[in-house]
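Enquirer: The following file, work_25.cif, comprises mmCIF, C-alpha atoms:
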data_upload
loop_
_atom_site.label_atom_id
_atom_site.label_comp_id
_atom_site.auth_asym_id
_atom_site.auth_seq_id
_atom_site.Cartn_x
_atom_site.Cartn_y
_atom_site.Cartn_z
CA MET Z 1 63.61 51.02 -5.98
CA LEU Z 2 64.17 48.84 -9.04
CA ALA Z 3 61.19 50.10 -11.07
CA ASP Z 4 62.32 53.70 -10.64
CA PHE Z 5 65.92 52.81 -11.46
CA GLN Z 6 64.79 51.16 -14.69
CA GLN Z 7 62.52 54.06 -15.56
CA ALA Z 8 65.30 56.57 -14.91
CA LEU Z 9 67.67 54.56 -17.09
CA ALA Z 10 65.11 54.50 -19.93
CA ASP Z 11 64.40 58.22 -19.52
CA LEU Z 12 68.11 59.06 -19.65
CA THR Z 13 68.48 56.99 -22.80
CA ALA Z 14 65.52 58.75 -24.37
CA SER Z 15 66.71 62.25 -23.53
CA PRO Z 16 70.20 63.65 -24.12
CA GLU Z 17 68.91 66.83 -22.42
CA LEU Z 18 68.15 64.89 -19.23
CA CYS Z 19 71.60 63.27 -19.35
CA ILE Z 20 73.25 66.67 -19.57
CA ALA Z 21 71.08 68.03 -16.77
CA VAL Z 22 71.87 65.07 -14.51
CA ARG Z 23 75.59 65.39 -15.20
CA ALA Z 24 75.36 69.02 -14.08
CA ASP Z 25 73.11 68.39 -11.08
CA ALA Z 26 72.95 64.84 -9.72
CA SER Z 27 70.22 65.78 -7.23
CA LEU Z 28 67.80 65.85 -10.17
CA LEU Z 29 67.69 62.07 -10.04
CA SER Z 30 66.48 61.81 -6.46
CA SER Z 31 63.97 64.61 -7.02
CA ARG Z 32 62.34 62.72 -9.91
CA TYR Z 33 62.72 59.07 -8.87
CA VAL Z 34 62.68 56.96 -5.71
CA LEU Z 35 66.24 55.65 -5.64
CA SER Z 36 68.63 54.18 -3.13
CA GLU Z 37 71.95 55.93 -2.78
CA ARG Z 38 73.60 53.10 -4.67
CA GLU Z 39 71.06 53.25 -7.51
CA ALA Z 40 71.53 57.01 -7.83
CA ARG Z 41 75.30 56.55 -7.90
CA ARG Z 42 75.02 53.93 -10.62
CA LEU Z 43 72.74 56.13 -12.73
CA LEU Z 44 75.05 59.11 -12.41
CA GLU Z 45 77.97 57.00 -13.57
CA ILE Z 46 75.92 55.68 -16.51
CA ALA Z 47 74.84 59.23 -17.44
CA ARG Z 48 78.51 60.23 -17.47
CA HIS Z 49 79.62 57.16 -19.47
CA PRO Z 50 80.83 58.00 -23.00
CA GLY Z 51 78.58 55.20 -24.35
CA MET Z 52 75.50 57.16 -23.28
CA ALA Z 53 75.77 59.39 -26.35
CA CYS Z 54 75.60 56.30 -28.55
CA ALA Z 55 72.71 54.81 -26.55
CA CYS Z 56 70.75 58.07 -26.99
CA THR Z 57 71.47 58.08 -30.73
CA VAL Z 58 70.37 54.48 -31.16
CA TYR Z 59 67.21 55.19 -29.17
CA ARG Z 60 66.32 57.97 -31.60
CA MET Z 61 67.18 55.82 -34.62
CA ASN Z 62 64.94 53.03 -33.35
CA ARG Z 63 62.04 55.34 -32.59
CA LEU Z 64 62.42 56.99 -35.98
CA ALA Z 65 62.46 53.64 -37.81
CA PRO Z 66 58.69 53.10 -38.14
CA LEU Z 67 58.12 56.67 -39.28
CA ALA Z 68 60.98 56.53 -41.77
CA MET Z 69 59.59 53.30 -43.18
CA ASN Z 70 55.97 54.39 -43.47
CA LEU Z 71 56.04 58.19 -43.80
CA ARG Z 72 59.13 58.69 -45.91
CA ASP Z 73 57.76 61.52 -48.10
CA THR Z 74 56.23 63.46 -45.20
CA LEU Z 75 59.46 63.30 -43.22
CA ARG Z 76 61.50 64.35 -46.23
CA ALA Z 77 59.17 67.30 -46.87
CA LEU Z 78 59.47 68.44 -43.25
CA GLY Z 79 63.22 68.98 -43.83
CA SER Z 80 64.84 70.93 -41.03
CA ALA Z 81 61.51 71.17 -39.18
CA LEU Z 82 61.62 67.44 -38.52
CA ARG Z 83 64.17 67.45 -35.72
CA PRO Z 84 62.37 69.78 -33.28
CA LEU Z 85 58.99 68.31 -34.17
CA ILE Z 86 60.05 64.74 -33.60
CA SER Z 87 61.56 65.65 -30.24
CA ASP Z 88 58.24 67.22 -29.23
CA TYR Z 89 56.37 64.12 -30.41
CA TRP Z 90 58.59 61.81 -28.36
CA ARG Z 91 58.14 64.07 -25.35
CA ASP Z 92 54.36 63.84 -25.75
CA HIS Z 93 54.48 60.10 -26.47
CA PRO Z 94 57.40 58.65 -24.52
CA GLN Z 95 56.33 55.09 -25.25
CA GLY Z 96 56.60 53.87 -28.85
CA HIS Z 97 53.99 51.43 -30.12
CA ALA Z 98 55.15 47.94 -31.09
CA HIS Z 99 52.83 48.00 -34.11
CA PHE Z 100 54.73 50.18 -36.58
CA PHE Z 101 51.61 51.26 -38.48
CA ILE Z 102 49.84 52.33 -35.27
CA GLU Z 103 52.92 54.29 -34.24
CA SER Z 104 52.98 55.96 -37.67
CA ASN Z 105 49.26 56.70 -37.54
CA ARG Z 106 49.65 58.27 -34.10
CA PHE Z 107 52.40 60.57 -35.43
CA CYS Z 108 50.21 61.53 -38.41
CA ARG Z 109 47.36 62.54 -36.11
CA TRP Z 110 49.73 64.40 -33.80
CA LEU Z 111 51.36 66.29 -36.68
CA ARG Z 112 48.03 67.21 -38.26
CA LEU Z 113 46.87 68.65 -34.94
CA ARG Z 114 50.08 70.65 -34.60
CA ILE Z 115 49.59 72.08 -38.10
CA GLU Z 116 45.96 72.94 -37.31
CA GLU Z 117 47.16 74.71 -34.18
CA GLY Z 118 49.47 76.91 -36.27
CA GLU Z 119 52.74 75.01 -36.63
CA ILE Z 120 54.48 76.40 -39.70
CA VAL Z 121 55.70 73.64 -42.03
CA PRO Z 122 56.72 73.66 -45.71
CA PRO Z 123 53.65 73.89 -47.99
CA ASP Z 124 54.00 70.40 -49.49
CA VAL Z 125 53.87 68.68 -46.09
CA LEU Z 126 50.10 68.65 -45.65
CA PRO Z 127 49.17 66.88 -48.93
CA LEU Z 128 51.96 64.35 -48.44
CA LEU Z 129 50.86 63.80 -44.85
CA GLU Z 130 47.29 63.15 -46.03
CA ARG Z 131 48.54 60.66 -48.61
CA ASP Z 132 50.90 58.85 -46.23
CA ALA Z 133 48.28 58.80 -43.46
CA ALA Z 134 45.74 57.20 -45.79
CA ALA Z 135 48.24 54.49 -46.74
CA VAL Z 136 49.00 53.84 -43.06
CA ARG Z 137 45.31 53.57 -42.19
CA ALA Z 138 44.87 51.06 -45.02
CA ALA Z 139 47.86 49.08 -43.72
CA ILE Z 140 46.38 49.00 -40.20
CA ALA Z 141 43.13 47.66 -41.62
CA ALA Z 142 45.06 45.03 -43.58
CA SER Z 143 46.94 43.98 -40.45
CA CYS Z 144 43.66 42.99 -38.75
CA THR Z 145 43.97 39.37 -39.74
CA GLU Z 146 41.87 37.73 -37.03
CA THR Z 147 38.11 37.64 -36.78
CA PRO Z 148 36.70 40.04 -34.18
CA LEU Z 149 35.77 38.59 -30.79
CA GLU Z 150 32.04 38.40 -30.16
CA MET H 1 76.66 8.02 -30.45
CA THR H 2 78.13 11.23 -31.82
CA HIS H 3 76.51 14.56 -30.97
CA ARG H 4 77.11 17.57 -33.15
CA PRO H 5 75.42 20.98 -32.79
CA ARG H 6 73.16 21.96 -35.64
CA VAL H 7 73.91 24.86 -37.95
CA GLY H 8 71.12 27.38 -38.29
CA LEU H 9 69.79 30.82 -39.07
CA LEU H 10 67.66 33.39 -37.33
CA TYR H 11 64.68 33.53 -39.67
CA ASN H 12 63.93 36.73 -41.58
CA PRO H 13 62.01 37.49 -44.79
CA THR H 14 65.06 36.70 -46.97
CA THR H 15 65.72 33.31 -45.36
CA PRO H 16 63.55 31.34 -47.85
CA GLU H 17 65.81 32.48 -50.71
CA LEU H 18 68.90 31.37 -48.83
CA LEU H 19 67.26 28.05 -47.93
CA GLU H 20 66.42 27.48 -51.57
CA HIS H 21 70.03 28.17 -52.51
CA ALA H 22 71.66 26.07 -49.76
CA PRO H 23 68.99 23.77 -48.30
CA THR H 24 71.27 21.14 -46.81
CA LEU H 25 73.49 23.65 -45.01
CA VAL H 26 70.70 24.82 -42.70
CA GLU H 27 69.66 22.32 -40.05
CA HIS H 28 68.05 24.66 -37.54
CA LEU H 29 65.85 27.76 -37.61
CA SER H 30 65.17 30.27 -34.87
CA VAL H 31 62.06 32.32 -35.37
CA MET H 32 60.92 35.49 -33.62
CA PRO H 33 57.21 35.29 -32.75
CA ASP H 34 57.23 39.11 -32.47
CA ARG H 35 57.78 39.23 -36.24
CA LEU H 36 54.90 36.88 -37.03
CA TRP H 37 52.10 38.96 -35.53
CA PHE H 38 50.88 42.51 -35.21
CA ASP H 39 50.61 43.49 -31.55
CA PHE H 40 47.78 46.03 -31.27
CA GLY H 41 48.53 46.56 -27.59
CA GLN H 42 46.38 46.41 -24.50
CA ASP H 43 43.68 48.68 -26.00
CA ALA H 44 43.30 46.45 -29.03
CA MET H 45 40.35 46.69 -31.38
CA HIS H 46 37.70 44.02 -30.94
CA GLY H 47 39.53 42.68 -27.89
CA ARG H 48 42.09 40.87 -30.02
CA ARG H 49 45.57 42.06 -29.25
CA PHE H 50 47.63 39.75 -31.48
CA HIS H 51 46.85 39.42 -35.16
CA ARG H 52 48.94 36.72 -36.79
CA VAL H 53 50.60 37.12 -40.18
CA HIS H 54 49.21 33.88 -41.53
CA ASP H 55 51.12 33.60 -44.80
CA ALA H 56 54.44 34.25 -43.03
CA ILE H 57 53.61 31.61 -40.41
CA ASP H 58 52.75 29.11 -43.15
CA ARG H 59 56.06 29.87 -44.83
CA VAL H 60 58.02 29.31 -41.60
CA ALA H 61 56.16 26.06 -40.98
CA GLY H 62 57.10 24.83 -44.45
CA ASP H 63 60.73 25.89 -44.11
CA ALA H 64 61.01 24.30 -40.65
CA ALA H 65 60.07 20.85 -41.96
CA GLY H 66 63.01 18.53 -41.40
CA ARG H 67 64.81 21.09 -39.26
CA THR H 68 64.75 21.94 -35.56
CA LEU H 69 62.80 25.10 -34.77
CA ALA H 70 63.28 27.34 -31.74
CA GLY H 71 61.46 30.50 -30.69
CA HIS H 72 63.48 33.65 -29.99
CA GLY H 73 61.68 36.54 -28.34
CA LEU H 74 62.26 40.20 -27.59
CA GLY H 75 58.97 41.38 -26.20
CA LEU H 76 58.74 39.83 -22.75
CA SER H 77 61.58 41.92 -21.29
CA LEU H 78 61.96 39.54 -18.35
CA PRO H 79 64.26 41.82 -16.28
CA SER H 80 61.59 44.58 -16.17
CA ALA H 81 60.24 45.33 -12.70
CA MET H 82 56.75 44.54 -13.95
CA LEU H 83 54.43 41.58 -14.05
CA LEU H 84 54.99 39.01 -16.77
CA ASP H 85 53.01 39.86 -19.89
CA GLU H 86 50.68 36.85 -19.66
CA ALA H 87 48.85 37.71 -22.89
CA MET H 88 52.11 37.69 -24.83
CA VAL H 89 53.19 34.44 -23.19
CA ALA H 90 49.89 32.89 -24.30
CA ALA H 91 50.45 34.21 -27.83
CA VAL H 92 53.97 32.72 -27.90
CA ALA H 93 52.57 29.38 -26.70
CA ALA H 94 49.90 29.48 -29.41
CA MET H 95 52.54 30.31 -32.02
CA SER H 96 54.65 27.39 -30.83
CA ARG H 97 51.65 25.07 -31.21
CA ASP H 98 50.90 26.47 -34.69
CA LEU H 99 54.47 25.70 -35.75
CA GLY H 100 54.58 22.19 -34.32
CA GLY H 101 56.24 23.08 -31.02
CA PHE H 102 59.44 25.00 -30.32
CA ALA H 103 62.38 22.77 -29.40
CA TRP H 104 63.36 25.57 -27.02
CA TYR H 105 62.57 29.25 -26.51
CA SER H 106 64.95 32.09 -25.76
CA GLU H 107 64.61 35.65 -24.50
CA HIS H 108 67.12 38.45 -23.98
CA LEU H 109 68.78 39.36 -20.71
CA ASN H 110 68.15 43.03 -21.49
CA LEU H 111 65.58 45.57 -20.46
CA PHE H 112 63.24 46.66 -23.25
CA ILE H 113 60.14 47.78 -21.35
CA THR H 114 59.74 49.97 -18.28
CA PRO H 115 56.59 50.74 -16.30
CA LYS H 116 56.07 54.12 -17.96
CA GLY H 117 57.82 53.60 -21.26
CA GLY H 118 60.30 51.51 -23.08
CA VAL H 119 63.31 51.39 -25.28
CA PRO H 120 62.37 50.47 -28.82
CA ASN H 121 64.49 47.75 -30.26
CA SER H 122 65.01 47.34 -33.95
CA GLN H 123 67.97 46.43 -36.05
CA ALA H 124 70.47 48.36 -33.97
CA GLY H 125 69.49 46.20 -31.02
CA LEU H 126 69.25 48.63 -28.14
CA GLY H 127 68.38 46.98 -24.88
CA LEU H 128 69.26 48.46 -21.53
CA PRO H 129 71.64 46.71 -19.12
CA VAL H 130 70.42 44.85 -16.06
CA ILE H 131 71.46 45.10 -12.40
CA TYR H 132 72.52 41.62 -11.33
CA ASP H 133 71.55 41.17 -7.71
CA GLU H 134 69.21 39.13 -5.53
CA GLU H 135 66.16 41.22 -6.43
CA ALA H 136 66.73 40.73 -10.16
CA PHE H 137 67.34 37.04 -9.65
CA THR H 138 64.05 36.52 -7.83
CA LEU H 139 62.16 38.60 -10.38
CA ILE H 140 63.57 36.76 -13.40
CA ALA H 141 63.42 33.33 -11.75
CA ASP H 142 59.68 33.65 -11.08
CA LYS H 143 59.04 34.70 -14.67
CA LEU H 144 61.19 31.89 -16.07
CA ARG H 145 59.22 29.30 -14.09
CA ALA H 146 55.93 30.67 -15.42
CA LEU H 147 57.26 30.88 -18.97
CA ALA H 148 58.59 27.30 -19.01
CA ARG H 149 55.30 26.08 -17.59
CA SER H 150 53.28 27.85 -20.30
CA LEU H 151 55.51 26.90 -23.21
CA GLY H 152 56.35 23.38 -22.10
CA CYS H 153 59.91 23.66 -23.37
CA ARG H 154 63.37 24.64 -22.23
CA VAL H 155 63.98 28.39 -21.86
CA LEU H 156 67.32 30.06 -22.62
CA LEU H 157 68.49 33.58 -21.84
CA GLU H 158 70.77 35.51 -24.18
CA ASN H 159 73.56 37.77 -22.98
CA GLY H 160 72.80 41.26 -24.24
CA SER H 161 74.71 44.04 -25.91
CA PHE H 162 74.80 47.54 -24.51
CA PHE H 163 76.73 50.79 -24.59
CA THR H 164 76.69 51.65 -20.89
CA PRO H 165 77.68 48.93 -18.41
CA VAL H 166 76.12 49.11 -14.93
CA PRO H 167 78.87 49.85 -12.41
CA ASP H 168 79.31 48.24 -8.99
CA LEU H 169 77.36 45.00 -9.60
CA ASP H 170 76.91 42.41 -6.86
CA ILE H 171 77.57 39.61 -9.31
CA SER H 172 78.66 39.50 -12.92
CA GLU H 173 76.43 38.50 -15.85
CA PRO H 174 78.11 35.09 -16.33
CA GLU H 175 77.74 34.36 -12.62
CA PHE H 176 74.06 35.31 -12.89
CA LEU H 177 73.59 32.95 -15.86
CA ASN H 178 75.49 30.20 -14.02
CA ARG H 179 73.17 30.51 -11.04
CA LEU H 180 70.01 30.42 -13.19
CA HIS H 181 71.33 27.23 -14.76
CA ARG H 182 72.41 25.72 -11.45
CA GLU H 183 68.90 26.22 -10.09
CA GLY H 184 67.36 24.60 -13.16
CA LEU H 185 65.67 27.77 -14.41
CA SER H 186 67.29 28.39 -17.79
CA GLY H 187 70.16 27.65 -20.10
CA THR H 188 72.34 30.20 -21.89
CA LEU H 189 72.07 31.45 -25.43
CA LEU H 190 75.62 32.70 -25.80
CA ASP H 191 75.84 35.54 -28.31
CA LEU H 192 79.55 35.71 -29.03
CA HIS H 193 79.16 38.82 -31.15
CA ASN H 194 77.47 40.64 -28.26
CA LEU H 195 80.58 39.96 -26.19
CA LEU H 196 82.62 41.71 -28.87
CA VAL H 197 80.12 44.61 -29.04
CA ASN H 198 80.35 45.13 -25.30
CA ALA H 199 84.13 44.88 -25.23
CA ARG H 200 84.52 47.34 -28.12
CA ASN H 201 82.23 49.80 -26.31
CA GLY H 202 84.09 49.71 -23.01
CA GLY H 203 82.51 46.66 -21.37
CA ALA H 204 83.90 43.35 -20.16
CA ASP H 205 86.72 41.47 -21.84
CA PRO H 206 85.21 38.49 -23.77
CA VAL H 207 87.85 36.05 -22.55
CA ALA H 208 87.31 37.01 -18.91
CA TYR H 209 83.55 36.68 -19.50
CA LEU H 210 83.87 33.23 -21.05
CA GLU H 211 86.25 32.06 -18.33
CA SER H 212 83.59 33.01 -15.75
CA LEU H 213 80.73 31.35 -17.60
CA ASP H 214 79.99 27.70 -16.88
CA LEU H 215 80.20 26.42 -20.46
CA ASN H 216 77.77 23.62 -19.61
CA THR H 217 75.04 26.27 -19.44
CA VAL H 218 75.44 27.04 -23.16
CA GLU H 219 72.78 25.42 -25.34
CA GLU H 220 72.73 27.74 -28.34
CA VAL H 221 75.27 30.17 -29.78
CA HIS H 222 74.64 33.25 -31.90
CA LEU H 223 77.17 34.45 -34.45
CA ALA H 224 76.78 37.79 -36.21
CA GLY H 225 78.66 40.82 -37.49
CA GLY H 226 78.32 44.53 -36.88
CA ASP H 227 79.82 47.82 -37.95
CA ASP H 228 81.49 50.94 -36.60
CA ASP H 229 79.59 54.17 -36.21
CA GLU H 230 80.98 57.37 -34.71
CA GLY H 231 83.49 55.55 -32.56
CA PHE H 232 81.14 52.84 -31.36
CA TYR H 233 80.67 49.30 -32.53
CA MET H 234 77.06 48.42 -33.32
CA ASP H 235 75.32 45.06 -33.14
CA SER H 236 73.73 45.79 -36.50
CA HIS H 237 73.84 42.24 -37.93
CA SER H 238 75.13 43.85 -41.09
CA SER H 239 78.15 41.70 -41.87
CA LEU H 240 79.64 38.23 -41.64
CA THR H 241 81.08 37.02 -38.36
CA PRO H 242 84.37 38.84 -37.66
CA GLY H 243 87.62 36.92 -37.15
CA VAL H 244 87.90 37.63 -33.44
CA VAL H 245 84.48 36.01 -32.87
CA TRP H 246 85.55 32.92 -34.83
CA GLU H 247 88.65 32.71 -32.63
CA LEU H 248 86.48 32.80 -29.50
CA ALA H 249 84.15 30.20 -31.03
CA TYR H 250 86.95 27.72 -31.72
CA ALA H 251 88.53 28.35 -28.33
CA TYR H 252 85.38 27.81 -26.26
CA LEU H 253 82.54 26.08 -28.14
CA PRO H 254 84.17 22.62 -28.31
CA ARG H 255 83.97 22.69 -24.50
CA CYS H 256 80.22 23.42 -24.45
CA GLN H 257 78.89 19.94 -23.72
CA ASN H 258 75.22 20.89 -24.11
CA LEU H 259 75.46 22.99 -27.26
CA ARG H 260 72.51 22.22 -29.55
CA ALA H 261 72.74 24.85 -32.28
CA ILE H 262 75.02 27.47 -33.75
CA THR H 263 72.87 30.19 -35.32
CA PHE H 264 73.88 33.03 -37.63
CA GLU H 265 71.96 36.30 -37.41
CA TYR H 266 71.85 38.86 -40.22
CA GLN H 267 69.46 41.71 -40.82
CA GLU H 268 67.44 41.29 -44.00
CA SER H 269 68.21 44.77 -45.31
CA TYR H 270 71.85 43.64 -45.68
CA PHE H 271 70.94 40.46 -47.58
CA GLU H 272 72.00 41.85 -50.96
CA ASP H 273 75.28 43.17 -49.55
CA LEU H 274 76.10 39.87 -47.89
CA GLY H 275 75.08 37.96 -51.01
CA LEU H 276 74.22 34.30 -51.45
CA PRO H 277 77.86 33.25 -52.02
CA GLY H 278 78.94 35.07 -48.85
CA LEU H 279 76.13 33.61 -46.74
CA THR H 280 76.74 30.13 -48.15
CA ALA H 281 80.44 30.36 -47.29
CA GLU H 282 79.45 31.48 -43.77
CA LEU H 283 77.20 28.43 -43.37
CA GLU H 284 79.99 26.15 -44.60
CA ARG H 285 82.34 27.72 -42.10
CA MET H 286 79.76 27.13 -39.36
CA HIS H 287 79.60 23.45 -40.35
CA ALA H 288 83.36 23.18 -39.87
CA LEU H 289 82.93 24.75 -36.43
CA ALA H 290 80.09 22.34 -35.62
CA GLU H 291 82.36 19.45 -36.57
CA ALA H 292 84.99 20.78 -34.20
CA CYS H 293 82.32 20.69 -31.49
CA SER H 294 81.31 17.09 -32.22
CA ARG H 295 81.63 14.72 -29.34
CA VAL H 296 80.81 11.18 -28.45
CA GLU H 297 77.89 11.13 -26.00
CA GLY H 298 79.39 10.82 -22.56
CA GLY H 299 81.81 13.68 -22.95
CA ALA H 300 84.71 12.77 -25.29
CA HIS H 301 85.27 14.70 -28.49
CA ALA H 302 84.54 12.70 -31.65
CA SER H 303 87.79 13.74 -33.30
#
Translate the structure of the given file into structure tokens.

Expert:
Amino acid sequence: MLADFQQALADLTASPELCIAVRADASLLSSRYVLSEREARRLLEIARHPGMACACTVYRMNRLAPLAMNLRDTLRALGSALRPLISDYWRDHPQGHAHFFIESNRFCRWLRLRIEEGEIVPPDVLPLLERDAAAVRAAIAASCTETPLE
Amino acid sequence: MTHRPRVGLLYNPTTPELLEHAPTLVEHLSVMPDRLWFDFGQDAMHGRRFHRVHDAIDRVAGDAAGRTLAGHGLGLSLPSAMLLDEAMVAAVAAMSRDLGGFAWYSEHLNLFITPKGGVPNSQAGLGLPVIYDEEAFTLIADKLRALARSLGCRVLLENGSFFTPVPDLDISEPEFLNRLHREGLSGTLLDLHNLLVNARNGGADPVAYLESLDLNTVEEVHLAGGDDDEGFYMDSHSSLTPGVVWELAYAYLPRCQNLRAITFEYQESYFEDLGLPGLTAELERMHALAEACSRVEGGAHAS
């Protein structure tokens, strides 16, 4: 089924862990997606292709881009905590938003909630997050350039 | 009457400075509607999904005066097994009207959106590869018909770049593009640098690709440069067109009877590195290539 093939391809690109799991156990594909035998074979070959590592890296670079542009200080303050946190965020929000400020705002809200729930982050993260989040909210407001519909 | 393809640029925020420096060298602009609006998504505030960046649109309109202008989109993801994004098509059509009408409009032959997610594309240009078979043909053909109807202009599809080729295809990408053209559905935007990207990352040989492509399908060409990263070659638009791409251009473009524009793509964050002298020299080189592609209407080369 084409839709499932495409979704599986996107999921593999988004998750090096899934690629590794599929390489080890190809039956994972048919348990998660509705695929023809040929589609499953193609996906397995793609998951095993050396270019998949690069595709996964570029996926992460592209998803990180809006946050790096708009939340530079917060990300820098997170330091080594960033990598596991960002992976969790992408797991919770597999679809990035085309509007970079909305994507950044969503991450701010997600991170604040995680901190409120007890996530331990360096002490300077919270004030920087508040500052960056305020700037992002202002940018979202500024990007509303059309008059509201009645 | 002599026909010569125009020399152009893919518009970005640094383009006005380059146009000011070398106004007569740029005869064509391609503009990405996706970069001239904020897309608030389906759950948009106040029911308005697209909010236009009015000053940027005004700037493009001014810079396009006296030049041909084409639209170049990313967001429709035509190969996706989903319905055509009608709201975005309407926004592209409105943008075209705002800018005086696109001479043509192009989209990528890559997958950027899936039913439950997507693959974000930014400067590194990650799109996923497409299965070329009957199902994909029907899906894309239907969307191309609707798109051409809404925009009222010719639609082109660009060959994509990717890191993981799909194995065991029914037909190749050039054969797929040939068939779309044969059935009157689209022309080809041939990105010669993408051919190099794919070849460097384990995909098809560019010469074999170009030998399979009906060169009459080609209506626009993209030139660009990339860079190496951890053993892979990236379509980063970070450098001038590499020599091997120029060689392909001179070998094949003079045979493209319907070529309308040769367009250089660079990413604006590399503008300072590329420099005005470097970009000007690139445009001059493109003019020499365009001259080599000149022909007398009816088929003979002007030279």

Enquirer: Just so the selection is clear, what residues does the PyMOL selection byres ((chain Z) within 7 of (chain H)) cover here, as number ranges by chain?

Expert: Z: 2-3, 6-7, 10, 42, 46, 49, 51-52, 54-55, 58-59, 62-63, 94-96, 98-99, 143-146, 148-149

Enquirer: Would you export the selected residues with C-alpha atoms as a compact mmCIF listing (two decimals), in the frame of the given file, please?

Expert:
# COMPACT_ATOMS: atom_id res chain seq x y z
CA LEU Z 2 64.17 48.84 -9.04
CA ALA Z 3 61.19 50.10 -11.07
CA GLN Z 6 64.79 51.16 -14.69
CA GLN Z 7 62.52 54.06 -15.56
CA ALA Z 10 65.11 54.50 -19.93
CA ARG Z 42 75.02 53.93 -10.62
CA ILE Z 46 75.92 55.68 -16.51
CA HIS Z 49 79.62 57.16 -19.47
CA GLY Z 51 78.58 55.20 -24.35
CA MET Z 52 75.50 57.16 -23.28
CA CYS Z 54 75.60 56.30 -28.55
CA ALA Z 55 72.71 54.81 -26.55
CA VAL Z 58 70.37 54.48 -31.16
CA TYR Z 59 67.21 55.19 -29.17
CA ASN Z 62 64.94 53.03 -33.35
CA ARG Z 63 62.04 55.34 -32.59
CA PRO Z 94 57.40 58.65 -24.52
CA GLN Z 95 56.33 55.09 -25.25
CA GLY Z 96 56.60 53.87 -28.85
CA ALA Z 98 55.15 47.94 -31.09
CA HIS Z 99 52.83 48.00 -34.11
CA SER Z 143 46.94 43.98 -40.45
CA CYS Z 144 43.66 42.99 -38.75
CA THR Z 145 43.97 39.37 -39.74
CA GLU Z 146 41.87 37.73 -37.03
CA PRO Z 148 36.70 40.04 -34.18
CA LEU Z 149 35.77 38.59 -30.79

Enquirer: Could you list, as a list of chain:residue names, every residue within 8 Å of segment 124-137 of chain Z, counting only C-alpha atoms and ignoring same-chain residues fewer than 4 positions away?

Expert: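 In the requested format, the answer is Z:Asn70, Z:Leu71, Z:Asp73, Z:Thr74, Z:Ala77, Z:Leu78, Z:Phe101, Z:Ile102, Z:Ser104, Z:Asn105, Z:Cys108, Z:Arg112, Z:Ala141.
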
Enquirer: Restricting the calculation to all atoms listed in the file: of H:Leu196, H:Ala204, H:Leu151, H:Leu210, which residue gets closest to Val89 of chain H?

Expert: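 Distance minimum relative to Val89 of chain H lands on H:Leu151.
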
Enquirer: Could you check how far atom CA of Gly187 of chain H sits from atom CA of Met32 of chain H, in Å to one decimal?

Expert: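 That distance, rounded to one decimal, is 18.2 Å.
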
Enquirer: As an exercise, work out the distance from atom CA of Leu215 of chain H to atom CA of Glu291 of chain H in Å and give it to one decimal place.

Expert: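 Separating atom CA of Leu215 of chain H from atom CA of Glu291 of chain H is a distance of 17.7 Å.
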
Enquirer: Which distance in Å separates atom CA of His181 of chain H and atom CA of Met95 of chain H, to one decimal?

Expert: 25.7 Å

Enquirer: Any chance you could resolve the PyMOL selection byres ((chain H and resi 20-31) around 7) against this file and give the residues as an MDAnalysis selection string?

Expert: chainID H and resid 6:11 16:19 32:33 64 67:72 280 283:284

Enquirer: Write out as a VMD selection string the residues lying within 12 Å of Leu85 of chain Z, counting all atoms listed in the file and excluding same-chain residues fewer than 5 positions away.

Expert: chain Z and resid 64 75 78 to 80 90 to 92 107 to 108 110 to 112 114 to 115 119 to 121

Enquirer: Taking all atoms listed in the file into account, name the residue in Z:Ala40, Z:Ala8, Z:Pro16, Z:His97 that is nearest to Gln42 of chain H.

Expert: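 Answer, going by the shortest atom-to-atom distance: Z:His97.
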
Enquirer: For the file shown, report as a PyMOL selection string the outcome of the PyMOL selection byres ((chain H and resi 267) around 12) at residue level.

Expert: chain H and resi 9-15+122-125+224-226+235-240+264-266+268-274

Enquirer: I'd like to know which of Z:Arg83, Z:Arg72, Z:Arg60, Z:Arg109 is closest to Ser15 of chain Z, using all atoms listed in the file.

Expert: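 Looking at the shortest contact to Ser15 of chain Z, the residue is Z:Arg60.
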
Enquirer: Name the closest residue to Leu109 of chain H among the candidates H:Val221, H:Ala146, H:Leu177, H:Ala87; distances are taken between atoms, counting all atoms listed in the file.

Expert: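 Looking only at the distances to Leu109 of chain H, the closest residue turns out to be H:Leu177.
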